[in-house]
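Student: Mind looking over this structure? Questions follow.
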Amino acid sequence: MRVRLAPSPTGTLHIGTARTALYNWLFASRKKGQFLLRIEDTDKERSKTEYTTNILEGLEWLGIEWEGSPIIQSERIQEHRDAIQSLLDTGAAYRCYATDAEIEAMREDQRNQGKAPRYDNRHRNLSPDQESKFISEGREAVIRFKIEDETFITWDDLVRGQMRWNASDLGGDMVIARRASAMEIGAPLYNLVVVVDDAAMEITHVIRGEDHLANTAKQLLLYKALGLNTPQFAHTPLILNQEGRKLSKRDGVTSISQFKEMGYTAEAMANYMTLLGWSAPEGMTERFTIQEASSVFNFDRVNKAGAKFDWDKLNWLNSQVIHSWSPDVLLDALKPLLTQEGWLLPEHEWCISLMELIGPSLTLLTDGVKQSRPFFEKPVLEKDAINQLEKEGAKQALKCLLDHLNQDPWDGIQLDQAKELLAKSAKSANVKKGLIMKSLRAGLLGCMQGPDLMSSWSLLARIGKDSERLTSCI
Ligand code: GLU
C-alpha cells in the first residue's frame with residue numbers, strides 16, 4: 001500500500017494540503033503502508049524553493065514523516081514526454097493548431113448560445129494536407145487527448161462511494177501538453193504528469209481534496225489509454241470558512257506556518273485537522289495524538305460534506321495540549337519565544353516556577369510571552385492599575401511596604417514572611433489588607449488581572465526586582 005502527497009510549491013503549506021497529508025499519513029500508518037512525497041514543480045514561474053522548504057518544514061513540524069527523499073516532478077519530464085509520444089503514436093492524442101483567437105471566438109459563440117464552454121474537437125481528424133498547411137503557416141500546436149463524449153467514467157470512491165461521470169461534462173478533448181512547434185512536445189500538463197508519476201511511484205491509493213473530482217475522471221481515461229493500473233481514490237471534503245465557502249487566502253490565516261507563529265502547537269493542529277472531516281469513533285475522546293488516531297483511522301468516518309473551520313475548537317484543543325504539558329516541556333516550547341524578546345532567562349528553577357504559574361491560563365503559546373512580560377520588563381501601567389494606585393492610602397501603603405522590604409528583604413521563598421510584611425505595612429499605613437494587596441498587584445504587574453499575586457511577587461523577589469518595581473510606581 002503506497003500513498004503520496006503531491007504539493008505544488010507555489011505557496012506556503014496550506015491547511016487543506018496539510019490535512020490531505022495527514023489523512024494520507026494516517027491511512028498509511030494504519031495499513032502499514034508507505035507515505036511518499038512528490039514536489040509538483042513543473043510550473044516554473046510560480047514554483048519557488050522557499051515554498052518547498054516551507055512545505056517540508058511544516059510537515060515535519062506536524063510530525064508527518066515521509067519515506068525517502070521527495071520525488072521532484074520536473075526531473076521526470078522525459079518520462080512525461082515519452083507517455084505523450086505513446087499517446088500520439090496510438091492515436092489517443094493529436095496536435096491541435098487552433099489559435100487563441102479561434103478558441104476565444106468558439107467560446108464566445110457557445111456563450112451566446114447559452115452553452116457551457118468546451119473545446120469542440122475541431123482538429124481531431126485533420127487530414128495530412130490540412131495539418132501541413134497549418135505548419136507551413138507557422139502555427140504552433142498543443143497536444144490534446146481524445147475524450148469520447150459517449151463514455152461514462154465510474155469508480156468506487158473510498159469516501160464518496162460509487163461515482164459516475166459523464167465524459168461529455170469534461171470539456172472536450174483535453175490539453176496534455178502546452179503549445180510548441182509541431183516538431184516538439186510542449187510542457188506536459190497536470191493530469192498527464194500526475195498519472196505518469198503516480199503509476200511510476202506505484203501509488204495504490206490517491207487521497208486528495210474533492211476539488212480534484214473532475215481531474216480523477218480525466219485521469220482514469222489516461223490510465224486506460226496508457227495501459228496502466230489504476231489506483232483507488234478517496235476524495236476528502238473541503239475545508240470551509242464560517243460562511244460555508246471554501247477556506248481561502250482571503251480568510252486570513254490558512255498556512256501552517258502562520259498557525260505556528262500565532263502560538264498553536266503542532267500536536268493541537270494535527271489533532272484538529274484530523275477532526276476537520278473525520279469523526280473519532282465512539283468511546284474515543286476528541287483529544288488525541290495522530291499516533292493514537294492512526295490505529296483507528298479509516299475512510300468510513302470521513303464526511304462527504306465540507307468541514308467548517310471552528311476556531312473555538314482549535315483553541316480548546318490547543319489549551320488542552322498546553323495544560324497537559326509538564327513545566328519542563330512548556331519551558332522548552334516557550335524558550336525560543338522568550339529569548340526572541342531579548343530576555344535573559346534566570347536559573348532553571350525560577351523558569352520552572354514561572355511555567356507553573358502561567359501554564360494553566362495559556363490558550364496559545366504566544367500568551368506565554370504576554371504573561372511573562374511583567375517578569376522581564378518593567379510594566380507599563382494599565383488604566384485600572386493607575387486608578388488603583390490613585391486610591392486613597394494606596395501609595396502610602398506601598399511606601400510602608402517598601403520601607404519594611406528595605407530593612408528586611410523578602411527572599412521570595414518564605415510565604416509567612418511576606419504575609420507578615422503585608423500585615424505590618426497595612427497597619428503602619430492604616431489601610432485594609434485588600435487595598436494593599438490590590439495596590440501591590442498594580443505596582444508589580446501593572447494590571448489588575450493575571451496570575452496569582454503571591455506567586456508573582458515571589459518570582460520578582462527571587463530576582464530582586466520587587467522593590468525596584470514598587471519604587472518606580474510610588
Ligand atoms: N499538485 C496538485 C495539487 O497541489 C496535486 C493534486 C493531486 O494530489 O493529484 O493540488
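How things are named: the first chain in the C-alpha cells is A, the next is B, and so on; residues count from 1 in each chain; ligands count from 1 in the order shown.
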May I ask you to write as an MDAnalysis selection string all residues lying at most 6 Å from ligand 1, with only C-alpha atoms and all ligand atoms counted?
Tutor: chainID A and resid 6:8 40 208
Student: Can you write just those residues out, N, CA, C and O atoms, as a compact mmCIF listing (two decimals), in the first residue's frame?
Tutor:
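Wrote it out as part-v6.txt, contents follow:
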# COMPACT_ATOMS: atom_id res chain seq x y z
N ALA A 6 1.21 15.31 -3.08
CA ALA A 6 1.85 15.90 -4.27
C ALA A 6 1.69 17.41 -4.28
O ALA A 6 1.02 17.97 -5.14
N PRO A 7 2.29 18.11 -3.32
CA PRO A 7 2.09 19.56 -3.26
C PRO A 7 2.81 20.32 -4.38
O PRO A 7 3.89 19.91 -4.81
N SER A 8 2.19 21.40 -4.81
CA SER A 8 2.86 22.30 -5.76
C SER A 8 3.52 23.40 -4.93
O SER A 8 2.85 24.03 -4.12
N GLU A 40 5.47 18.91 -6.98
CA GLU A 40 4.98 19.15 -8.35
C GLU A 40 5.39 20.57 -8.78
O GLU A 40 4.61 21.52 -8.69
N ARG A 208 -6.98 12.81 -1.93
CA ARG A 208 -6.82 14.26 -2.15
C ARG A 208 -8.18 14.94 -2.03
O ARG A 208 -9.21 14.27 -1.92
Student: Just the residues within 12 Å of Val196 (chain A), please, counting only C-alpha atoms, with nothing from its chain fewer than 3 positions along; format it as a short mmCIF file (atom, residue, chain, number, x, y, z; two decimals) with all heavy atoms, in the first residue's frame.
Tutor:
data_model
loop_
_atom_site.label_atom_id
_atom_site.label_comp_id
_atom_site.auth_asym_id
_atom_site.auth_seq_id
_atom_site.Cartn_x
_atom_site.Cartn_y
_atom_site.Cartn_z
N GLN A 73 9.14 16.44 -9.46
CA GLN A 73 8.43 16.17 -10.71
C GLN A 73 9.16 16.69 -11.95
O GLN A 73 9.20 16.01 -12.97
CB GLN A 73 7.04 16.80 -10.63
CG GLN A 73 6.14 16.42 -11.78
CD GLN A 73 4.69 16.66 -11.43
OE1 GLN A 73 4.30 17.80 -11.22
NE2 GLN A 73 3.90 15.62 -11.39
N ARG A 76 11.43 14.56 -14.04
CA ARG A 76 10.89 13.38 -14.70
C ARG A 76 10.26 13.71 -16.06
O ARG A 76 9.50 12.93 -16.63
CB ARG A 76 9.86 12.71 -13.78
CG ARG A 76 10.47 12.25 -12.46
CD ARG A 76 9.50 11.51 -11.59
NE ARG A 76 8.45 10.87 -12.33
CZ ARG A 76 8.58 9.71 -12.99
NH1 ARG A 76 9.72 9.06 -12.94
NH2 ARG A 76 7.58 9.23 -13.67
N ILE A 77 10.63 14.89 -16.57
CA ILE A 77 9.96 15.38 -17.78
C ILE A 77 10.10 14.43 -18.98
O ILE A 77 9.18 14.31 -19.79
CB ILE A 77 10.40 16.83 -18.11
CG1 ILE A 77 9.51 17.41 -19.19
CG2 ILE A 77 11.87 16.90 -18.48
CD1 ILE A 77 9.30 18.88 -19.06
N GLN A 78 11.25 13.72 -19.05
CA GLN A 78 11.41 12.82 -20.19
C GLN A 78 10.34 11.72 -20.18
O GLN A 78 9.75 11.40 -21.21
CB GLN A 78 12.83 12.23 -20.20
CG GLN A 78 13.21 11.56 -21.52
CD GLN A 78 12.92 12.48 -22.72
OE1 GLN A 78 13.31 13.65 -22.74
NE2 GLN A 78 12.21 11.95 -23.73
N GLU A 79 10.09 11.17 -19.00
CA GLU A 79 9.03 10.14 -18.89
C GLU A 79 7.68 10.71 -19.31
O GLU A 79 6.88 10.04 -19.96
CB GLU A 79 8.91 9.64 -17.44
CG GLU A 79 9.80 8.47 -17.12
CD GLU A 79 11.07 8.91 -16.40
OE1 GLU A 79 11.65 9.97 -16.75
OE2 GLU A 79 11.47 8.17 -15.51
N HIS A 80 7.42 11.96 -18.91
CA HIS A 80 6.13 12.58 -19.27
C HIS A 80 6.03 12.70 -20.80
O HIS A 80 5.00 12.41 -21.40
CB HIS A 80 5.99 13.95 -18.62
CG HIS A 80 6.20 13.94 -17.12
ND1 HIS A 80 6.77 14.98 -16.44
CD2 HIS A 80 5.93 12.98 -16.19
CE1 HIS A 80 6.84 14.69 -15.15
NE2 HIS A 80 6.34 13.48 -14.97
N ARG A 81 7.13 13.16 -21.39
CA ARG A 81 7.13 13.33 -22.86
C ARG A 81 6.97 11.98 -23.56
O ARG A 81 6.24 11.86 -24.55
CB ARG A 81 8.44 13.99 -23.32
CG ARG A 81 8.58 15.41 -22.86
CD ARG A 81 9.12 16.30 -23.99
NE ARG A 81 8.77 17.67 -23.75
CZ ARG A 81 9.57 18.59 -23.19
NH1 ARG A 81 10.79 18.25 -22.81
NH2 ARG A 81 9.17 19.83 -23.02
N ASP A 82 7.64 10.95 -23.02
CA ASP A 82 7.52 9.62 -23.63
C ASP A 82 6.07 9.15 -23.62
O ASP A 82 5.58 8.55 -24.58
CB ASP A 82 8.39 8.59 -22.89
CG ASP A 82 9.89 8.85 -23.09
OD1 ASP A 82 10.23 9.67 -24.00
OD2 ASP A 82 10.70 8.28 -22.35
N ALA A 83 5.39 9.41 -22.49
CA ALA A 83 3.99 8.98 -22.38
C ALA A 83 3.13 9.71 -23.42
O ALA A 83 2.27 9.11 -24.07
CB ALA A 83 3.46 9.24 -20.98
N ILE A 84 3.41 11.01 -23.57
CA ILE A 84 2.64 11.79 -24.56
C ILE A 84 2.92 11.24 -25.97
O ILE A 84 2.00 11.06 -26.77
CB ILE A 84 2.99 13.29 -24.45
CG1 ILE A 84 2.52 13.81 -23.09
CG2 ILE A 84 2.36 14.07 -25.59
CD1 ILE A 84 2.95 15.22 -22.76
N SER A 86 3.68 8.27 -26.74
CA SER A 86 2.99 6.98 -26.95
C SER A 86 1.50 7.21 -27.24
O SER A 86 0.90 6.48 -28.02
CB SER A 86 3.22 6.03 -25.77
OG SER A 86 2.40 6.41 -24.70
N ILE A 176 -2.94 18.12 -23.02
CA ILE A 176 -1.98 17.44 -22.12
C ILE A 176 -0.56 17.99 -22.27
O ILE A 176 0.32 17.66 -21.49
CB ILE A 176 -1.99 15.90 -22.31
CG1 ILE A 176 -1.78 15.52 -23.78
CG2 ILE A 176 -3.29 15.30 -21.76
CD1 ILE A 176 -1.60 14.01 -23.97
N PRO A 188 4.49 19.27 -20.59
CA PRO A 188 3.39 18.37 -20.22
C PRO A 188 2.55 18.97 -19.08
O PRO A 188 3.09 19.64 -18.20
CB PRO A 188 4.10 17.10 -19.74
CG PRO A 188 5.48 17.19 -20.32
CD PRO A 188 5.80 18.64 -20.36
N LEU A 189 1.24 18.70 -19.09
CA LEU A 189 0.35 19.35 -18.11
C LEU A 189 -0.12 18.40 -17.01
O LEU A 189 -0.01 17.18 -17.11
CB LEU A 189 -0.84 19.98 -18.84
CG LEU A 189 -0.44 21.20 -19.67
CD1 LEU A 189 -1.61 21.72 -20.48
CD2 LEU A 189 0.10 22.31 -18.76
N TYR A 190 -0.70 19.02 -15.99
CA TYR A 190 -1.02 18.37 -14.72
C TYR A 190 -1.61 16.96 -14.82
O TYR A 190 -1.05 16.01 -14.27
CB TYR A 190 -1.95 19.29 -13.89
CG TYR A 190 -2.58 18.56 -12.73
CD1 TYR A 190 -1.82 18.21 -11.61
CD2 TYR A 190 -3.92 18.16 -12.78
CE1 TYR A 190 -2.38 17.50 -10.57
CE2 TYR A 190 -4.48 17.45 -11.73
CZ TYR A 190 -3.71 17.13 -10.63
OH TYR A 190 -4.26 16.41 -9.61
N ASN A 191 -2.76 16.81 -15.50
CA ASN A 191 -3.43 15.50 -15.45
C ASN A 191 -2.55 14.38 -16.01
O ASN A 191 -2.53 13.27 -15.48
CB ASN A 191 -4.76 15.55 -16.19
CG ASN A 191 -5.83 16.19 -15.32
OD1 ASN A 191 -6.07 15.75 -14.19
ND2 ASN A 191 -6.46 17.24 -15.82
N LEU A 192 -1.81 14.71 -17.06
CA LEU A 192 -0.94 13.69 -17.67
C LEU A 192 0.21 13.34 -16.73
O LEU A 192 0.46 12.17 -16.45
CB LEU A 192 -0.43 14.25 -19.02
CG LEU A 192 0.47 13.42 -19.91
CD1 LEU A 192 1.90 13.35 -19.50
CD2 LEU A 192 -0.11 12.07 -20.24
N VAL A 193 0.88 14.36 -16.19
CA VAL A 193 2.08 14.07 -15.38
C VAL A 193 1.72 13.35 -14.09
O VAL A 193 2.46 12.49 -13.62
CB VAL A 193 2.93 15.34 -15.09
CG1 VAL A 193 3.53 15.89 -16.33
CG2 VAL A 193 2.16 16.39 -14.36
N ALA A 199 1.75 6.31 -11.38
CA ALA A 199 1.97 4.93 -11.83
C ALA A 199 3.43 4.53 -11.59
O ALA A 199 3.71 3.45 -11.07
CB ALA A 199 1.61 4.80 -13.31
N ALA A 200 4.37 5.45 -11.91
CA ALA A 200 5.79 5.12 -11.72
C ALA A 200 6.12 4.91 -10.24
O ALA A 200 6.96 4.08 -9.90
CB ALA A 200 6.67 6.23 -12.29
N MET A 201 5.44 5.65 -9.39
CA MET A 201 5.70 5.52 -7.94
C MET A 201 4.89 4.37 -7.33
O MET A 201 4.94 4.17 -6.13
CB MET A 201 5.36 6.84 -7.23
CG MET A 201 6.33 7.97 -7.51
SD MET A 201 5.65 9.60 -7.08
CE MET A 201 5.67 9.56 -5.29
N GLU A 202 4.14 3.69 -8.18
CA GLU A 202 3.33 2.55 -7.75
C GLU A 202 2.37 2.91 -6.61
O GLU A 202 2.25 2.21 -5.60
CB GLU A 202 4.22 1.36 -7.35
CG GLU A 202 5.02 0.86 -8.53
CD GLU A 202 5.97 -0.28 -8.15
OE1 GLU A 202 5.83 -0.85 -7.06
OE2 GLU A 202 6.84 -0.58 -8.97
N ILE A 203 1.73 4.06 -6.80
CA ILE A 203 0.77 4.53 -5.80
C ILE A 203 -0.49 3.66 -5.88
O ILE A 203 -1.05 3.47 -6.96
CB ILE A 203 0.43 6.03 -6.07
CG1 ILE A 203 1.68 6.89 -5.92
CG2 ILE A 203 -0.70 6.50 -5.17
CD1 ILE A 203 2.40 6.80 -4.58
N GLN A 219 -8.23 11.60 -15.37
CA GLN A 219 -7.03 10.77 -15.17
C GLN A 219 -7.34 9.29 -15.38
O GLN A 219 -6.51 8.54 -15.89
CB GLN A 219 -6.46 11.02 -13.77
CG GLN A 219 -5.81 12.42 -13.69
CD GLN A 219 -5.41 12.82 -12.28
OE1 GLN A 219 -5.24 11.99 -11.41
NE2 GLN A 219 -5.26 14.12 -12.07
N LEU A 220 -8.56 8.88 -15.02
CA LEU A 220 -8.92 7.48 -15.23
C LEU A 220 -8.89 7.13 -16.73
O LEU A 220 -8.48 6.04 -17.12
CB LEU A 220 -10.29 7.18 -14.63
CG LEU A 220 -10.25 6.98 -13.10
CD1 LEU A 220 -11.65 7.03 -12.50
CD2 LEU A 220 -9.56 5.67 -12.74
N LEU A 222 -6.91 8.54 -18.86
CA LEU A 222 -5.49 8.47 -19.22
C LEU A 222 -4.85 7.15 -18.78
O LEU A 222 -4.06 6.56 -19.52
CB LEU A 222 -4.73 9.65 -18.61
CG LEU A 222 -4.91 10.98 -19.34
CD1 LEU A 222 -4.46 12.15 -18.46
CD2 LEU A 222 -4.11 10.99 -20.66
N TYR A 223 -5.20 6.70 -17.56
CA TYR A 223 -4.67 5.41 -17.09
C TYR A 223 -4.99 4.33 -18.12
O TYR A 223 -4.15 3.50 -18.47
CB TYR A 223 -5.31 5.00 -15.75
CG TYR A 223 -4.63 5.61 -14.54
CD1 TYR A 223 -5.21 6.67 -13.86
CD2 TYR A 223 -3.43 5.10 -14.07
CE1 TYR A 223 -4.60 7.22 -12.74
CE2 TYR A 223 -2.82 5.63 -12.94
CZ TYR A 223 -3.40 6.70 -12.29
OH TYR A 223 -2.80 7.24 -11.19
N LYS A 224 -6.24 4.35 -18.58
CA LYS A 224 -6.70 3.32 -19.51
C LYS A 224 -5.93 3.41 -20.83
O LYS A 224 -5.39 2.40 -21.32
CB LYS A 224 -8.20 3.52 -19.76
CG LYS A 224 -8.88 2.31 -20.32
CD LYS A 224 -10.37 2.41 -20.10
CE LYS A 224 -11.04 1.33 -20.91
NZ LYS A 224 -12.36 1.73 -21.35
N ALA A 225 -5.84 4.64 -21.35
CA ALA A 225 -5.17 4.81 -22.64
C ALA A 225 -3.69 4.43 -22.56
O ALA A 225 -3.10 3.97 -23.55
CB ALA A 225 -5.33 6.26 -23.11
N LEU A 226 -3.07 4.64 -21.40
CA LEU A 226 -1.64 4.33 -21.25
C LEU A 226 -1.42 2.89 -20.80
O LEU A 226 -0.27 2.45 -20.63
CB LEU A 226 -0.99 5.29 -20.25
CG LEU A 226 -0.85 6.75 -20.70
CD1 LEU A 226 -0.58 7.68 -19.52
CD2 LEU A 226 0.27 6.90 -21.74
N GLY A 227 -2.51 2.17 -20.59
CA GLY A 227 -2.40 0.76 -20.18
C GLY A 227 -1.81 0.59 -18.79
O GLY A 227 -1.08 -0.36 -18.52
N LEU A 228 -2.15 1.55 -17.88
CA LEU A 228 -1.58 1.49 -16.53
C LEU A 228 -2.63 1.01 -15.52
O LEU A 228 -3.83 1.20 -15.73
CB LEU A 228 -1.11 2.90 -16.12
CG LEU A 228 -0.02 3.51 -17.00
CD1 LEU A 228 0.13 5.00 -16.68
CD2 LEU A 228 1.30 2.78 -16.80
N ASN A 229 -2.15 0.43 -14.43
CA ASN A 229 -3.08 0.02 -13.36
C ASN A 229 -3.63 1.25 -12.67
O ASN A 229 -2.87 2.17 -12.35
CB ASN A 229 -2.34 -0.79 -12.29
CG ASN A 229 -1.95 -2.15 -12.81
OD1 ASN A 229 -2.61 -2.69 -13.71
ND2 ASN A 229 -0.88 -2.71 -12.27
N THR A 230 -4.93 1.23 -12.39
CA THR A 230 -5.49 2.41 -11.71
C THR A 230 -5.44 2.22 -10.19
O THR A 230 -5.71 1.14 -9.69
CB THR A 230 -6.97 2.64 -12.11
OG1 THR A 230 -7.66 1.42 -11.89
CG2 THR A 230 -7.09 3.06 -13.53
#
Student: Residues at most 6 Å from region 384-389 of chain A, counting only C-alpha atoms, excluding those fewer than 3 positions away in the same chain, as a VMD selection string?
Tutor: chain A and resid 381 394 439 442 446 to 448
Student: Go ahead and write the selection's residues with N, CA, C and O atoms as a PDB file, in the first residue's frame.
Tutor:
ATOM      1  N   LEU A 381       1.880  50.693  33.150  1.00  0.00           N
ATOM      2  CA  LEU A 381       0.674  50.522  33.962  1.00  0.00           C
ATOM      3  C   LEU A 381      -0.588  50.680  33.120  1.00  0.00           C
ATOM      4  O   LEU A 381      -0.733  51.643  32.368  1.00  0.00           O
ATOM      5  N   ALA A 394      -3.206  54.219  48.937  1.00  0.00           N
ATOM      6  CA  ALA A 394      -2.547  53.148  48.171  1.00  0.00           C
ATOM      7  C   ALA A 394      -1.033  53.333  48.138  1.00  0.00           C
ATOM      8  O   ALA A 394      -0.279  52.431  48.521  1.00  0.00           O
ATOM      9  N   SER A 439      -3.063  47.108  45.432  1.00  0.00           N
ATOM     10  CA  SER A 439      -2.076  48.112  45.014  1.00  0.00           C
ATOM     11  C   SER A 439      -0.744  47.442  44.690  1.00  0.00           C
ATOM     12  O   SER A 439      -0.032  47.854  43.777  1.00  0.00           O
ATOM     13  N   ALA A 442      -1.040  46.093  41.261  1.00  0.00           N
ATOM     14  CA  ALA A 442      -0.921  47.187  40.287  1.00  0.00           C
ATOM     15  C   ALA A 442       0.538  47.592  40.116  1.00  0.00           C
ATOM     16  O   ALA A 442       1.019  47.767  38.995  1.00  0.00           O
ATOM     17  N   GLY A 446       1.391  45.854  36.900  1.00  0.00           N
ATOM     18  CA  GLY A 446       0.851  46.884  36.003  1.00  0.00           C
ATOM     19  C   GLY A 446      -0.560  46.603  35.525  1.00  0.00           C
ATOM     20  O   GLY A 446      -1.097  47.313  34.685  1.00  0.00           O
ATOM     21  N   CYS A 447      -1.181  45.541  36.050  1.00  0.00           N
ATOM     22  CA  CYS A 447      -2.556  45.242  35.622  1.00  0.00           C
ATOM     23  C   CYS A 447      -3.303  44.605  36.795  1.00  0.00           C
ATOM     24  O   CYS A 447      -2.688  44.099  37.731  1.00  0.00           O
ATOM     25  N   MET A 448      -4.609  44.656  36.739  1.00  0.00           N
ATOM     26  CA  MET A 448      -5.390  44.173  37.873  1.00  0.00           C
ATOM     27  C   MET A 448      -5.797  42.702  37.728  1.00  0.00           C
ATOM     28  O   MET A 448      -6.261  42.100  38.683  1.00  0.00           O
TER      29      MET A 448
END
Student: Residues at most 8 Å from Ile256 (chain A), counting only C-alpha atoms, excluding those fewer than 4 positions away in the same chain, as an mmCIF file with C-alpha atoms, in the first residue's frame?
Tutor:
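Listed below is the output, part.cif:
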data_model
loop_
_atom_site.group_PDB
_atom_site.id
_atom_site.type_symbol
_atom_site.label_atom_id
_atom_site.label_comp_id
_atom_site.auth_asym_id
_atom_site.auth_seq_id
_atom_site.Cartn_x
_atom_site.Cartn_y
_atom_site.Cartn_z
ATOM 1 C CA THR A 12 3.278 28.022 1.720
ATOM 2 C CA LEU A 13 1.836 24.812 3.220
ATOM 3 C CA HIS A 14 -1.928 25.384 3.175
ATOM 4 C CA ILE A 15 -4.125 23.869 5.854
ATOM 5 C CA ALA A 18 -1.678 19.644 5.388
ATOM 6 C CA GLY A 58 5.512 22.338 8.022
ATOM 7 C CA LYS A 260 2.632 28.123 14.298
#
Student: Running DSSP on the backbone, which parts of region 154-237 of chain A land in strand (DSSP E or B), as a PyMOL selection string?
Tutor: chain A and resi 154-157+161-166+174-180+188+205-209+232-236
Student: Using only C-alpha atoms, find the one residue out of A:Lys31, A:Leu221, A:Glu75, A:Met273 that sits nearest to Ala92 (chain A).
Tutor: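 Residue with the minimum atom-to-atom distance to Ala92 (chain A): A:Leu221.
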Student: Using only C-alpha atoms, which residues sit within 10 Å of Arg95 (chain A) once same-chain residues fewer than 2 positions away are excluded, as a ChimeraX atom specification?
Tutor: /A:88,93,97-98,123-126,131,140-145,175,177,179-180,182,185
Student: Would you compute the distance between CA of Leu354 (chain A) and CA of Gln258 (chain A)? Give it in Å to one decimal.
Tutor: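 These atoms are spaced 26.5 Å apart.
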Student: Pick the closest to Thr289 (chain A) from A:Leu37, A:Ile64, A:Val253, A:Ala461: which is it, counting only C-alpha atoms?
Tutor: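 Of A:Leu37, A:Ile64, A:Val253, A:Ala461, the one nearest Thr289 (chain A), counting only C-alpha atoms, is A:Ile64.
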Student: How many Å lie between CA of Met454 (chain A) and CA of Trp316 (chain A), rounded to one decimal?
Tutor: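 The value is 28.0 Å.
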Student: Do you know which residues are at most 8 Å from Trp66 (chain A) counting only C-alpha atoms, after dropping those on the same chain fewer than 4 positions away, and could you put them as a PyMOL selection string?
Tutor: chain A and resi 34-37
Student: I need the residues of region 28-224 of chain A that end up classed as alpha helix (DSSP H) by DSSP on the backbone, written out as a PyMOL selection string.
Tutor: chain A and resi 28-31+49-62+77-90+100-112+128-136+190-200+213-224
Student: Which one is closest to Thr204 (chain A): A:Leu334, A:Val3, A:Val431, A:Leu470? Count only C-alpha atoms.
Tutor: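 Looking only at the distances to Thr204 (chain A), the closest residue turns out to be A:Val3.
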Student: Using only C-alpha atoms, pick whichever of A:Lys335, A:His323, A:Lys465, A:Arg30 has the shortest atom-to-atom distance to Thr363 (chain A).
Tutor: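 Looking at the shortest contact to Thr363 (chain A), the residue is A:His323.
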Student: Tell me which protein, DNA and RNA residues are within 12 Å of Ser47 (chain A), counting only C-alpha atoms, leaving out same-chain ones fewer than 2 positions away, and put them as a PDB file with C-alpha atoms, in the first residue's frame.
Tutor:
ATOM      1  CA  PRO A   7       2.089  19.558  -3.265  1.00  0.00           C
ATOM      2  CA  SER A   8       2.856  22.302  -5.760  1.00  0.00           C
ATOM      3  CA  PRO A   9       5.482  24.658  -4.304  1.00  0.00           C
ATOM      4  CA  THR A  10       3.582  27.736  -5.450  1.00  0.00           C
ATOM      5  CA  GLY A  11       2.724  28.855  -1.927  1.00  0.00           C
ATOM      6  CA  THR A  12       3.278  28.022   1.720  1.00  0.00           C
ATOM      7  CA  ILE A  39       7.003  18.051  -5.324  1.00  0.00           C
ATOM      8  CA  GLU A  40       4.983  19.155  -8.352  1.00  0.00           C
ATOM      9  CA  ASP A  41       7.210  21.961  -9.529  1.00  0.00           C
ATOM     10  CA  THR A  42       6.515  21.933 -13.255  1.00  0.00           C
ATOM     11  CA  ASP A  43       5.062  25.449 -13.171  1.00  0.00           C
ATOM     12  CA  LYS A  44       8.500  27.080 -13.276  1.00  0.00           C
ATOM     13  CA  GLU A  45       7.232  30.639 -12.992  1.00  0.00           C
ATOM     14  CA  THR A  49      12.367  26.720  -3.446  1.00  0.00           C
ATOM     15  CA  GLU A  50      11.401  28.691  -0.336  1.00  0.00           C
ATOM     16  CA  TYR A  51       7.885  27.284  -0.678  1.00  0.00           C
ATOM     17  CA  THR A  52       9.282  23.742  -0.933  1.00  0.00           C
ATOM     18  CA  THR A  53      11.250  24.423   2.256  1.00  0.00           C
ATOM     19  CA  ILE A  72      10.931  16.122  -7.880  1.00  0.00           C
ATOM     20  CA  GLN A  73       8.426  16.171 -10.709  1.00  0.00           C
ATOM     21  CA  SER A  74      10.406  18.460 -13.020  1.00  0.00           C
TER      22      SER A  74
END
Student: CA of Glu65 (chain A) to CA of Phe259 (chain A): how many Å, to one decimal?
Tutor: 19.5 Å
